[in-house]
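**Q** The following file, data34.txt, comprises compact mmCIF, C-alpha atoms:
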# COMPACT_ATOMS: atom_id res chain seq x y z
CA MET A 1 12.75 35.31 106.10
CA THR A 2 12.81 32.50 108.67
CA ILE A 3 10.11 29.87 108.92
CA LYS A 4 8.80 29.63 112.49
CA ILE A 5 7.70 26.13 113.46
CA ILE A 6 5.49 26.35 116.52
CA GLU A 7 3.56 24.07 118.83
CA PRO A 8 0.12 22.78 117.72
CA PHE A 9 -1.43 24.62 120.67
CA SER A 10 -0.66 28.26 119.94
CA GLU A 11 -3.63 29.94 121.58
CA THR A 12 -2.98 33.39 123.02
CA GLY A 13 -5.59 33.33 125.79
CA SER A 14 -7.24 30.79 128.07
CA ARG A 15 -8.74 27.57 126.74
CA ALA A 16 -12.17 29.11 127.31
CA ASP A 17 -11.35 31.52 124.47
CA LEU A 18 -10.66 28.74 121.96
CA ILE A 19 -13.33 28.33 119.31
CA ALA A 20 -12.47 24.69 118.70
CA GLU A 21 -9.92 22.38 120.28
CA ALA A 22 -8.92 18.77 119.68
CA ARG A 23 -6.93 17.06 122.43
CA ASN A 24 -5.11 13.83 121.59
CA ILE A 25 -7.61 12.83 118.93
CA SER A 26 -7.42 9.45 117.20
CA LYS A 27 -9.87 7.98 114.71
CA THR A 28 -10.04 4.36 113.58
CA TYR A 29 -12.34 2.97 110.89
CA ALA A 30 -13.42 -0.66 110.60
CA GLU A 31 -12.68 -2.27 107.23
CA GLU A 32 -14.77 -4.83 105.39
CA SER A 33 -11.97 -7.36 105.77
CA GLY A 34 -12.49 -7.25 109.51
CA GLY A 35 -9.39 -5.21 110.20
CA ALA A 36 -9.08 -1.58 111.26
CA ARG A 37 -7.53 1.49 109.64
CA MET A 38 -6.25 4.34 111.78
CA ALA A 39 -7.04 7.62 110.01
CA LEU A 40 -5.76 9.92 112.78
CA GLN A 41 -3.32 9.25 115.60
CA ASP A 42 -2.93 11.44 118.71
CA VAL A 43 -3.70 14.76 116.98
CA SER A 44 -3.98 17.94 119.03
CA LEU A 45 -4.97 21.27 117.51
CA ALA A 46 -6.60 24.49 118.70
CA ILE A 47 -8.36 27.22 116.69
CA SER A 48 -8.06 30.61 118.35
CA PRO A 49 -10.23 33.67 117.68
CA ASN A 50 -9.29 36.00 114.83
CA GLU A 51 -7.08 33.71 112.78
CA VAL A 52 -7.05 31.73 109.54
CA VAL A 53 -5.72 28.19 109.95
CA CYS A 54 -4.95 25.92 106.99
CA ILE A 55 -4.57 22.17 107.33
CA LEU A 56 -2.24 21.05 104.55
CA GLY A 57 -1.24 17.57 103.56
CA PRO A 58 -1.45 14.80 100.97
CA SER A 59 -4.61 12.88 100.13
CA GLY A 60 -5.45 10.33 102.79
CA CYS A 61 -3.77 12.11 105.70
CA GLY A 62 -7.06 12.67 107.57
CA LYS A 63 -7.50 16.41 106.93
CA SER A 64 -11.25 16.20 106.32
CA THR A 65 -11.70 13.70 109.15
CA LEU A 66 -10.02 16.12 111.57
CA LEU A 67 -12.25 19.00 110.41
CA ARG A 68 -15.40 16.93 110.84
CA ILE A 69 -14.33 15.86 114.32
CA LEU A 70 -13.62 19.47 115.32
CA VAL A 71 -17.15 20.57 114.32
CA GLY A 72 -18.86 17.49 115.76
CA LEU A 73 -19.98 15.79 112.54
CA ILE A 74 -18.19 12.58 113.51
CA GLN A 75 -16.94 11.30 116.84
CA PRO A 76 -13.29 10.46 117.57
CA SER A 77 -12.26 6.96 118.61
CA ALA A 78 -10.08 8.48 121.33
CA GLY A 79 -9.42 11.95 122.67
CA THR A 80 -11.75 14.87 123.36
CA VAL A 81 -13.11 17.86 121.45
CA PHE A 82 -13.83 21.17 123.16
CA SER A 83 -15.50 24.45 122.24
CA HIS A 84 -14.71 27.47 124.41
CA GLY A 85 -13.32 25.22 127.11
CA ARG A 86 -16.33 22.91 127.31
CA GLN A 87 -16.51 19.40 125.92
CA LEU A 88 -18.37 19.50 122.61
CA GLN A 89 -21.74 17.77 122.62
CA GLY A 90 -23.22 17.24 119.16
CA ILE A 91 -22.61 19.76 116.35
CA HIS A 92 -20.49 22.84 117.08
CA PRO A 93 -23.10 25.64 117.39
CA GLY A 94 -20.81 28.35 116.05
CA ALA A 95 -19.34 26.55 113.04
CA SER A 96 -20.48 26.32 109.43
CA LEU A 97 -19.07 24.24 106.59
CA VAL A 98 -18.53 24.77 102.85
CA PHE A 99 -18.01 21.57 100.88
CA GLN A 100 -15.91 20.78 97.83
CA ASN A 101 -18.82 19.70 95.60
CA PHE A 102 -21.16 22.70 96.16
CA ALA A 103 -23.82 20.47 97.89
CA LEU A 104 -26.74 22.58 96.65
CA PHE A 105 -30.31 21.34 96.35
CA PRO A 106 -31.04 21.45 92.60
CA TRP A 107 -34.80 21.87 93.09
CA LEU A 108 -34.36 24.98 95.28
CA THR A 109 -33.65 28.52 94.13
CA VAL A 110 -30.50 30.35 95.23
CA GLU A 111 -32.51 32.13 97.93
CA ASP A 112 -33.96 28.92 99.30
CA ASN A 113 -30.60 27.13 99.20
CA VAL A 114 -29.17 29.90 101.36
CA ARG A 115 -32.25 29.80 103.60
CA VAL A 116 -31.19 26.29 104.66
CA GLY A 117 -28.39 27.97 106.63
CA LEU A 118 -31.02 29.68 108.82
CA HIS A 119 -32.86 26.50 109.78
CA GLY A 120 -33.90 26.55 113.42
CA ARG A 121 -33.03 30.24 113.97
CA GLY A 122 -36.62 31.23 114.72
CA LEU A 123 -36.67 34.18 112.32
CA SER A 124 -39.73 35.38 110.44
CA ARG A 125 -39.88 34.83 106.67
CA ALA A 126 -39.31 38.54 106.07
CA GLU A 127 -36.30 38.63 108.42
CA GLU A 128 -34.84 35.59 106.67
CA SER A 129 -35.31 37.18 103.23
CA ASP A 130 -33.61 40.42 104.31
CA LEU A 131 -30.67 38.54 105.81
CA ILE A 132 -30.34 36.32 102.71
CA ALA A 133 -30.40 39.31 100.34
CA THR A 134 -27.69 41.07 102.36
CA THR A 135 -25.50 37.95 102.42
CA LEU A 136 -25.89 37.34 98.68
CA GLU A 137 -24.77 40.92 98.03
CA LYS A 138 -21.69 40.37 100.20
CA VAL A 139 -20.59 37.35 98.16
CA GLY A 140 -21.27 39.02 94.80
CA LEU A 141 -24.57 37.29 93.98
CA GLY A 142 -27.02 40.16 94.21
CA GLY A 143 -29.87 39.77 91.73
CA VAL A 144 -29.65 36.00 91.21
CA ASP A 145 -31.78 34.95 94.19
CA ARG A 146 -34.50 33.39 91.98
CA ALA A 147 -32.09 31.38 89.80
CA PHE A 148 -31.67 27.61 90.12
CA PRO A 149 -28.27 25.89 90.54
CA LYS A 150 -28.37 24.49 86.98
CA GLU A 151 -28.36 28.09 85.69
CA LEU A 152 -25.14 28.98 87.55
CA SER A 153 -21.47 28.54 86.78
CA GLY A 154 -19.24 26.54 89.13
CA GLY A 155 -17.91 29.70 90.74
CA MET A 156 -21.41 31.05 91.33
CA LYS A 157 -22.55 27.74 92.83
CA GLN A 158 -19.69 27.86 95.31
CA ARG A 159 -20.61 31.45 96.17
CA VAL A 160 -24.10 30.17 97.01
CA GLY A 161 -22.50 27.58 99.28
CA LEU A 162 -20.45 30.33 100.89
CA ALA A 163 -23.54 32.50 101.39
CA ARG A 164 -25.38 29.58 102.99
CA ALA A 165 -22.47 29.10 105.39
CA LEU A 166 -22.27 32.81 106.27
CA VAL A 167 -25.95 33.72 106.52
CA GLY A 168 -26.23 32.40 110.08
CA LYS A 169 -23.24 34.54 111.17
CA PRO A 170 -20.96 31.71 112.38
CA GLU A 171 -17.84 32.40 114.43
CA LEU A 172 -15.89 29.66 112.60
CA LEU A 173 -16.09 29.09 108.83
CA CYS A 174 -14.80 25.65 107.81
CA LEU A 175 -13.82 25.15 104.18
CA ASP A 176 -13.18 21.59 102.98
CA GLU A 177 -11.17 22.01 99.74
CA PRO A 178 -13.89 24.37 98.47
CA PHE A 179 -12.00 25.60 95.40
CA SER A 180 -10.65 22.31 94.03
CA ALA A 181 -13.54 21.80 91.57
CA LEU A 182 -13.10 25.29 90.07
CA ASP A 183 -10.85 26.63 87.33
CA VAL A 184 -7.67 28.33 88.47
CA MET A 185 -8.78 31.94 88.05
CA THR A 186 -12.23 31.43 89.62
CA ALA A 187 -10.59 29.67 92.57
CA GLU A 188 -8.17 32.57 92.99
CA ALA A 189 -11.05 35.05 92.96
CA LEU A 190 -12.95 33.13 95.63
CA ARG A 191 -9.89 32.83 97.86
CA SER A 192 -9.57 36.61 97.76
CA GLU A 193 -13.30 36.93 98.43
CA VAL A 194 -13.12 34.69 101.50
CA TYR A 195 -10.18 36.64 102.88
CA ARG A 196 -11.96 39.95 102.26
CA LEU A 197 -15.13 38.78 104.01
CA TRP A 198 -13.11 37.61 107.02
CA SER A 199 -10.77 40.59 107.27
CA GLU A 200 -13.53 43.21 106.93
CA GLY A 201 -15.17 41.82 110.07
CA LYS A 202 -18.69 42.59 108.79
CA SER A 203 -19.81 38.99 108.36
CA GLY A 204 -19.53 38.06 112.04
CA LEU A 205 -16.69 35.62 111.36
CA SER A 206 -14.01 35.24 113.98
CA SER A 207 -11.85 32.54 112.37
CA VAL A 208 -11.50 30.39 109.26
CA LEU A 209 -10.35 26.77 109.05
CA LEU A 210 -9.36 25.64 105.53
CA ILE A 211 -8.57 22.12 104.36
CA THR A 212 -6.32 22.05 101.30
CA HIS A 213 -3.63 20.08 99.51
CA LEU A 214 -2.35 23.16 97.65
CA ILE A 215 0.65 24.89 99.20
CA GLU A 216 -0.01 28.20 97.41
CA GLU A 217 -3.57 28.28 98.72
CA ALA A 218 -2.39 27.72 102.29
CA VAL A 219 0.31 30.38 102.05
CA PHE A 220 -2.09 32.91 100.49
CA LEU A 221 -4.77 32.63 103.19
CA SER A 222 -3.29 31.40 106.43
CA ASP A 223 -1.94 32.79 109.66
CA ARG A 224 -0.91 29.25 110.63
CA ILE A 225 -0.30 26.21 108.44
CA VAL A 226 -0.82 22.78 110.00
CA ILE A 227 1.23 20.25 108.00
CA MET A 228 0.08 16.64 108.26
CA ASP A 229 1.60 13.25 107.56
CA ALA A 230 -0.38 10.24 106.36
CA ASN A 231 -0.78 6.58 107.37
CA PRO A 232 -1.85 7.37 110.01
CA GLY A 233 -2.70 11.06 109.92
CA ARG A 234 -0.75 13.11 112.42
CA VAL A 235 0.60 16.65 112.74
CA ARG A 236 4.14 16.94 111.44
CA ALA A 237 4.56 20.68 112.02
CA VAL A 238 2.65 23.90 112.58
CA VAL A 239 4.15 26.87 110.77
CA SER A 240 3.47 30.53 111.53
CA ASN A 241 2.81 32.58 108.39
CA ASP A 242 3.95 36.15 108.95
CA LEU A 243 3.80 37.34 105.32
CA GLY A 244 2.13 40.72 105.11
CA HIS A 245 -1.15 41.41 103.30
CA PRO A 246 -2.05 41.81 100.52
CA ARG A 247 -0.10 38.73 99.38
CA GLU A 248 1.09 38.44 95.80
CA TYR A 249 1.53 34.95 94.33
CA ARG A 250 4.43 36.00 92.10
CA SER A 251 6.46 37.88 94.70
CA ARG A 252 9.87 36.48 95.67
CA GLU A 253 8.90 36.38 99.36
CA PHE A 254 5.72 34.41 98.62
CA GLN A 255 7.51 31.93 96.35
CA ASP A 256 10.28 31.40 98.91
CA PHE A 257 7.69 30.64 101.59
CA VAL A 258 5.99 28.15 99.26
CA ASP A 259 9.37 26.48 98.65
CA HIS A 260 10.01 26.16 102.40
CA ILE A 261 6.61 24.59 103.04
CA HIS A 262 7.25 22.20 100.15
CA ASP A 263 10.54 21.23 101.77
CA ILE A 264 8.79 20.39 105.03
CA LEU A 265 6.13 18.35 103.24
CA THR A 266 8.75 16.35 101.37
CA ALA A 267 10.97 15.99 104.46
CA VAL A 268 13.88 17.86 102.91
CA HIS A 269 14.20 19.56 106.31
CA LEU A 270 13.49 17.94 109.65
CA PRO A 271 10.20 19.29 110.99
CA ASP A 272 11.45 19.83 114.53
CA VAL A 273 14.20 22.33 113.69
CA PRO A 274 13.90 25.85 112.25
CA VAL A 275 14.12 25.92 108.48
CA GLU A 276 16.78 28.30 107.23
CA PRO A 277 16.15 30.21 104.00
CA ARG A 278 17.66 28.39 101.08
CA ILE A 279 19.54 30.18 98.34
CA PRO A 280 17.28 30.71 95.33
CA GLN A 281 18.32 28.75 92.27
CA ALA A 282 16.96 31.28 89.80
CA THR A 283 15.71 34.83 89.70
CA THR A 284 12.01 35.48 89.26
CA SER A 285 12.52 36.44 85.61
CA GLU A 286 14.20 33.08 84.94
CA ARG A 287 11.38 31.01 86.34
CA ILE A 288 9.19 29.38 83.74
CA THR A 289 5.60 30.10 84.66
CA ALA A 290 2.34 29.91 82.73
CA ILE A 291 0.69 32.84 81.03
CA PRO A 292 -3.12 33.16 80.98
CA ALA A 293 -5.03 31.95 77.92
CA VAL A 294 -6.12 35.37 76.69
CA THR A 295 -5.25 37.46 73.66
CA LEU A 296 -3.29 40.69 73.66
CA GLY A 297 -6.39 42.27 72.15
CA GLN A 298 -8.43 41.32 75.19
CA ILE A 299 -5.80 42.84 77.47
CA THR A 300 -5.71 46.05 75.42
CA GLY A 301 -9.51 46.24 75.43
CA MET A 302 -9.55 45.87 79.23
CA MET A 303 -6.97 48.65 79.52
CA GLU A 304 -9.04 50.95 77.34
CA ILE A 305 -12.07 50.37 79.60
CA LEU A 306 -9.95 51.30 82.61
CA HIS A 307 -8.68 54.40 80.82
CA ASP A 308 -12.26 55.47 80.05
CA HIS A 309 -13.05 55.21 83.77
CA GLY A 310 -10.21 57.33 85.09
CA ASP A 311 -7.50 54.62 84.75
CA GLU A 312 -8.89 52.49 87.58
CA MET A 313 -12.02 50.53 88.61
CA ASP A 314 -13.18 48.27 91.40
CA LEU A 315 -12.76 44.65 90.26
CA PHE A 316 -16.40 43.78 90.70
CA ASP A 317 -17.58 46.98 88.98
CA LEU A 318 -15.24 46.14 86.11
CA ASN A 319 -16.58 42.60 85.89
CA GLU A 320 -20.15 43.86 85.85
CA PHE A 321 -19.25 46.38 83.12
CA VAL A 322 -17.76 43.73 80.82
CA SER A 323 -20.61 41.27 81.60
CA GLN A 324 -18.60 38.07 81.76
CA GLU A 325 -17.54 35.39 84.24
CA LEU A 326 -15.40 36.81 87.04
CA GLY A 327 -12.83 34.12 86.34
CA GLN A 328 -12.46 35.34 82.74
CA THR A 329 -12.14 38.96 83.86
CA LEU A 330 -9.43 37.96 86.31
CA THR A 331 -7.63 35.99 83.59
CA VAL A 332 -7.44 39.06 81.38
CA VAL A 333 -6.34 41.22 84.31
CA LYS A 334 -3.60 38.72 85.18
CA GLY A 335 -2.35 38.90 81.61
CA GLY A 336 -2.04 42.65 81.93
CA GLU A 337 -0.26 42.26 85.26
CA LEU A 338 2.30 39.86 83.79
CA LEU A 339 3.14 42.46 81.16
CA GLY A 340 3.42 45.23 83.76
CA LEU A 341 0.53 47.20 82.28
CA ILE A 342 -2.08 46.62 85.02
CA GLU A 343 -1.81 46.36 88.79
CA THR A 344 -4.32 45.16 91.37
CA PRO A 345 -3.93 46.68 94.82
CA GLY A 346 -6.67 45.02 96.87
CA ASP A 347 -9.92 44.88 94.89
CA LEU A 348 -8.83 47.79 92.68
CA VAL A 349 -7.74 47.27 89.05
CA LYS A 350 -5.68 50.14 87.67
CA LEU A 351 -3.31 51.04 84.87
CA THR A 352 0.38 51.24 85.70
CA PRO A 353 2.39 54.22 84.37
CA GLU A 354 3.67 51.85 81.65
CA GLY A 355 0.06 50.91 80.85
CA LYS A 356 -0.91 54.56 80.43
CA HIS A 357 2.12 55.11 78.18
CA PHE A 358 1.21 52.02 76.16
CA LEU A 359 -2.26 53.36 75.34
CA GLN A 360 -0.78 56.62 74.02
CA ALA A 361 1.87 54.89 71.88
CA SER A 362 1.81 54.01 68.19
CA VAL A 363 1.25 50.43 67.07
CA ALA A 364 4.97 49.95 66.42
CA ASP A 365 5.92 51.35 69.83
CA ARG A 366 3.28 49.19 71.52
CA ASN A 367 4.70 46.06 69.91
CA GLU A 368 8.23 47.04 70.92
CA LEU A 369 7.14 47.56 74.54
CA LEU A 370 5.28 44.24 74.62
CA ALA A 371 8.18 42.38 73.01
CA SER A 372 10.51 43.74 75.66
CA ARG A 373 8.16 42.64 78.44
CA MET A 374 7.75 39.15 76.97
CA LYS A 375 11.50 38.64 76.76
CA GLY A 376 11.53 39.00 80.54
CA LEU A 377 9.07 36.13 81.01
CA GLY A 378 10.64 32.70 81.49
CA ILE A 379 8.41 30.86 79.04
CA PHE A 380 9.28 33.22 76.18
CA ARG A 381 12.96 33.11 77.09
CA MET A 382 12.77 29.33 76.88
CA VAL A 383 11.21 29.38 73.39
CA LEU A 384 13.68 31.99 72.11
CA GLN A 385 16.63 30.00 73.48
CA MET A 386 15.28 26.85 71.84
CA LEU A 387 15.01 28.68 68.51
CA ASP A 388 18.54 30.09 68.86
CA SER A 389 19.98 26.61 69.37
CA ALA A 390 17.75 24.77 66.87
CA PRO A 391 19.15 23.71 63.45
CA GLU A 392 18.22 26.39 60.93
CA GLY A 393 16.45 28.28 63.71
CA SER A 394 13.16 26.38 63.45
CA LEU A 395 11.15 24.02 65.64
CA GLU A 396 8.27 21.63 65.11
CA ASP A 397 5.20 22.66 67.10
CA GLU A 398 5.26 19.37 69.00
CA GLU A 399 8.79 20.15 70.22
CA VAL A 400 7.58 23.37 71.83
CA VAL A 401 4.52 21.65 73.32
CA ALA A 402 6.77 18.93 74.76
CA ALA A 403 9.09 21.52 76.33
CA VAL A 404 6.15 23.37 77.88
CA ALA A 405 4.76 20.09 79.26
CA ALA A 406 8.15 19.18 80.74
CA HIS A 407 8.53 22.50 82.58
CA LEU A 408 4.85 22.95 83.52
CA PRO A 409 3.38 19.44 83.84
CA ARG A 410 0.22 20.66 85.59
CA GLU A 411 -0.73 23.08 82.81
CA PRO A 412 -2.57 22.31 79.53
CA ALA A 413 0.58 22.28 77.38
CA LYS A 414 -0.99 22.71 73.94
CA GLN A 415 -3.24 25.56 75.04
CA LEU A 416 -0.34 27.28 76.76
CA SER A 417 2.01 26.92 73.79
CA ASP A 418 -0.73 28.27 71.49
CA THR A 419 -1.07 31.35 73.71
CA VAL A 420 2.71 31.87 73.71
CA CYS A 421 2.65 31.56 69.92
CA ASP A 422 -0.21 34.06 69.59
CA TRP A 423 1.46 36.66 71.82
CA GLY A 424 4.90 36.22 70.26
CA ARG A 425 3.68 36.37 66.64
CA THR A 426 1.62 39.48 67.36
CA VAL A 427 4.68 41.47 68.43
CA GLU A 428 6.99 39.72 65.93
CA LEU A 429 9.21 37.92 68.43
CA PHE A 430 9.16 34.91 66.10
CA ASP A 431 7.29 33.48 63.10
CA TYR A 432 4.89 30.56 62.91
CA ASP A 433 3.85 28.62 59.82
CA ALA A 434 0.36 27.34 60.61
CA VAL A 435 0.30 25.02 57.58
CA ARG A 436 3.59 23.28 58.41
CA GLU A 437 3.19 23.84 62.17
CA VAL A 438 6.71 25.18 62.48
CA TRP A 439 8.08 27.92 64.75
CA SER A 440 11.02 29.93 63.39
CA LYS A 441 13.25 32.84 64.27
CA LYS A 442 12.06 36.17 62.99
CA ALA A 443 13.76 37.12 59.74
CA HIS A 444 14.91 40.70 60.25
CA GLU A 445 15.81 42.84 57.29
As structure tokens, please, write out the structure in this file.
**A**
Amino acid sequence: MTIKIIEPFSETGSRADLIAEARNISKTYAEESGGARMALQDVSLAISPNEVVCILGPSGCGKSTLLRILVGLIQPSAGTVFSHGRQLQGIHPGASLVFQNFALFPWLTVEDNVRVGLHGRGLSRAEESDLIATTLEKVGLGGVDRAFPKELSGGMKQRVGLARALVGKPELLCLDEPFSALDVMTAEALRSEVYRLWSEGKSGLSSVLLITHLIEEAVFLSDRIVIMDANPGRVRAVVSNDLGHPREYRSREFQDFVDHIHDILTAVHLPDVPVEPRIPQATTSERITAIPAVTLGQITGMMEILHDHGDEMDLFDLNEFVSQELGQTLTVVKGGELLGLIETPGDLVKLTPEGKHFLQASVADRNELLASRMKGLGIFRMVLQMLDSAPEGSLEDEEVVAAVAAHLPREPAKQLSDTVCDWGRTVELFDYDAVREVWSKKAHE
């Protein structure tokens, strides 16, 4: 795989085809001290039809400012904004925006919050209601139209924001870090939902513009990644993302692409020369990654539900069947995926051949299969290696927590180590004394 660094203007047709275009944009803000701060300097960027563009960069690099200038919410200090070849006057008529903080009216129902997106369209009340109901179904919120925001989870609130943005059938959907306030699994579910809505072509969307500071999010969604520098904000590089769909976060190709983008962001490679693939330092099995905070019993229960439904179900049908938060359903599914027992092609959740074999096996054989799978996961390998090298083969719980925190500083270390302990004890990979809070090697007869 070779990273292709391209020009900021990568449109394939005439400028009249471009949904949004910034030419040599700069933005300066006055400060209370009497000075001025330049947020953006000489930025040029074009959004073509039928593409997903991600603007990626550190906090303070002007990502959100650039988005707001492109859709006409704020005016640039210099440069010009165009839509379909004409200078933009006022708000972009074909763009809609989803914010980070949900931005719902707490005194309005879900239906009326979405209705805000139809303001000024000249539709009858009945036409509005039909369009709102259809849009809510598309984003997985059918049946909650009379609920108020306080009755919804964070993920459901953001779905309402998404429905409000889509109900008017915009050609450009702008997302300003819309998943950053959500838990990891709910955010992952909504990313997939946004991509599905765009790729199906039924929502009227032509293109998506996403603001993010997460490399994985940009790589998962984008056709192009715009990488920005800060102080002042400017485009460092625009990278073409040619990874095929569906994209899998844990695949070697995906992780390598993430590493390359990280290198550009941290200036390991010069941005104006092609980035050659670097030699991986470890195999996928050696990487220490987090495991979801679910029990093996929850994973087994999910597998049994799949088995009762012909070994496969649509994700959203499965979530409705188990009657829980979509994020929690996805967490359990991800646990099964890590163990090689469940796979998720598209929106389908299905048992793997190993998963089917697991359900037919005895308790002892199940534990042996799970133990073998866990030994292939980096975090279990780390714990087992620590136990092998520890005096008398035992470790204080705080030692394990500290090791997890060192390798995965962005994860809740104690929760993660507790999950590792629960999985490992269940299949007898190691012992744990809950009174003394000590991990130890399994004593085999």
**Q** Can you tell me how far atom CA of Gln328 of chain A sits from atom CA of Glu399 of chain A, in Å to one decimal?
**A**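 Separation between atom CA of Gln328 of chain A and atom CA of Glu399 of chain A: 29.0 Å.
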**Q** Residues near Glu392 of chain A, anyone? I mean within 12 Å using only C-alpha atoms, not counting same-chain ones fewer than 2 positions away, as a list in words.
**A**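 Surrounding residues, per the criterion: Met386, Leu387, Asp388, Ser389, Ala390, Ser394, Leu395, Glu396, Val438, Trp439, Ser440, Lys441, Lys442 and Ala443 of chain A.
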**Q** Using only C-alpha atoms, which protein or nucleic acid residues come within 10 Å of segment 426-431 of chain A? Drop anything in the same chain fewer than 3 positions from it, and give the result as a PyMOL selection string.
**A** chain A and resi 295-297+363-364+366-372+374-375+380+383-384+387+394+420-423+434+438-444
**Q** As a list in words, please: the residues near Asp347 of chain A (cut-off 9 Å, only C-alpha atoms, same-chain neighbours under 5 positions excluded).
**A**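 Selected residues are Ser192, Met313, Asp314, Leu315 and Phe316 of chain A.
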**Q** Calculated over only C-alpha atoms, which of the candidates A:Leu330, A:Leu351, A:Ile264, A:Ala165 has the smallest distance to Ser203 of chain A?
**A**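 When distances to Ser203 of chain A are compared using only C-alpha atoms, the smallest one comes from A:Ala165.
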**Q** Have a look at atom CA of Leu40 of chain A and atom CA of Ile225 of chain A and let me know their distance in Å, one decimal.
**A**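 Those two atoms sit 17.7 Å apart.
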